[in-house]
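Shown next, in structure tokens, is the structure this report addresses.
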Amino acid sequence: MSRLTGRLRRLRDDPELRSWLPAALVGALVGGCGVAWLFWGWPHLLRDGVCFVFWLGAGAAALALCCGMGVSLVILTQWLLKALRRLRPPPAYAMWEPVDPVPEIDMGVLSEPGCAVALYLPLIVMTGAFALGCVVLALRQVSVGRVIAMVVLSLPVGVAMARSETRRRRRAEQQIGR
């Protein structure tokens with residue numbers, strides 16, 4: 001029990017919690033819905049005629065793809081908001097708060113807010129449409145209990161993807177800040 005308490009305490013003190021936790025939760029939701037739809041929805045891969053190796057591989061691929069889309073949706077939205085805030089800060093915010101490092105701005109890729117929108121918005125729309133499609137299809141074609149079970153089972157994958165992506169992003173920001 002003390003091990004669990006220690007893990008929860010470390011989680012609470014994690015400075016990057018606000019960036020990776022929402023991404024992990026949305027990634028797990030989309031991943032679980034995608035796999036639930038693949039197994040019990042229209043494709044119904046758990047039929048007797050489908051080979052175990054095929055549906056297991058297809059489920060793992062769908063979990064990775066759907067979790068990645070959910071995580072990307074949240075992280076890209078966070079980056080867009082961060083870039084817009086950095087490029088057009090309110091006067092009070094600019095005067096008292098330190099600027100957040102945004103590698104695209106620091107490298108000169110983004111020079112105005114329109115560039116940030118043009119860079120991130122198509123990706124956000126694509127990942128959002130895919131994520132929303134997975135969730136809607138799963139909730140319409142699969143029982144809610146199975147969807148919830150798959151979301152819970154996909155939570156570790158969503159957490160792992162979100163944490164690794166935020167770590168990678170933080171390392172990139174540190175390298176640019178050198």
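Letters A, B, ... mark the chains of the structure tokens in the order given; residue numbers begin at 1 per chain; ligand numbers begin at 1, in order shown.
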
Practice problem: Could you pull out the residues in stretch 19-140 of chain A that DSSP calls alpha helix (DSSP H) from the backbone, as an MDAnalysis selection string? | Solution: chainID A and resid 19:40 52:87 91:96 103:106 113:140

Quiz prompt | Å distance separating atom CA of A:Met126 from atom CA of A:Gly32, one decimal place | solution = 18.8 Å

Quiz prompt | 12 Å contact set for A:Leu17, only C-alpha atoms, chain neighbours under 3 positions out, as a list in words | solution =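 Neighbouring residues, sequence-local ones excluded: Leu8, Arg10, Leu11, Arg12, Asp13, Asp14, Trp20, Leu21, Pro22, Ala23, Ala24, Leu25, Val159, Ala162, Arg163, Thr166 and Arg167 of chain A.
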
Could those residues be written to a file, using C-alpha atoms, as an mmCIF file, in the first residue's frame?
data_model
loop_
_atom_site.group_PDB
_atom_site.id
_atom_site.type_symbol
_atom_site.label_atom_id
_atom_site.label_comp_id
_atom_site.auth_asym_id
_atom_site.auth_seq_id
_atom_site.Cartn_x
_atom_site.Cartn_y
_atom_site.Cartn_z
ATOM 1 C CA LEU A 8 0.332 8.760 -6.206
ATOM 2 C CA ARG A 10 4.987 11.418 -7.187
ATOM 3 C CA LEU A 11 2.151 11.747 -9.681
ATOM 4 C CA ARG A 12 0.664 14.677 -7.768
ATOM 5 C CA ASP A 13 4.050 16.440 -7.685
ATOM 6 C CA ASP A 14 4.741 15.909 -11.401
ATOM 7 C CA TRP A 20 0.216 14.706 -20.305
ATOM 8 C CA LEU A 21 -2.777 13.665 -18.167
ATOM 9 C CA PRO A 22 -5.523 15.112 -20.415
ATOM 10 C CA ALA A 23 -3.732 13.678 -23.441
ATOM 11 C CA ALA A 24 -3.500 10.278 -21.766
ATOM 12 C CA LEU A 25 -7.185 10.249 -20.847
ATOM 13 C CA VAL A 159 -0.472 7.170 -20.373
ATOM 14 C CA ALA A 162 1.318 10.859 -23.599
ATOM 15 C CA ARG A 163 4.220 10.819 -21.150
ATOM 16 C CA THR A 166 5.689 15.274 -23.435
ATOM 17 C CA ARG A 167 9.179 14.098 -22.443
#

Quiz item: What is the distance between atom CA of A:Arg18 and atom CA of A:Arg3, in Å to one decimal?
Solution: 23.0 Å

Quiz prompt | Contacts of A:Val117 within 10 Å, only C-alpha atoms, excl. fewer than 6 positions in-chain, as a PyMOL selection string | solution = chain A and resi 80-81+83-84+110+123-124

Dump as a PDB file, in the first residue's frame, selection limited to C-alpha atoms:
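After the write, out36.pdb holds the following:
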ATOM      1  CA  LEU A  80      -1.458  25.710 -30.729  1.00  0.00           C
ATOM      2  CA  LEU A  81      -2.803  27.550 -27.696  1.00  0.00           C
ATOM      3  CA  ALA A  83       2.035  29.305 -29.584  1.00  0.00           C
ATOM      4  CA  LEU A  84      -0.874  31.738 -29.918  1.00  0.00           C
ATOM      5  CA  LEU A 110       6.439  30.523 -36.799  1.00  0.00           C
ATOM      6  CA  LEU A 123      -3.586  18.275 -38.019  1.00  0.00           C
ATOM      7  CA  ILE A 124      -6.006  19.092 -35.201  1.00  0.00           C
TER       8      ILE A 124
END
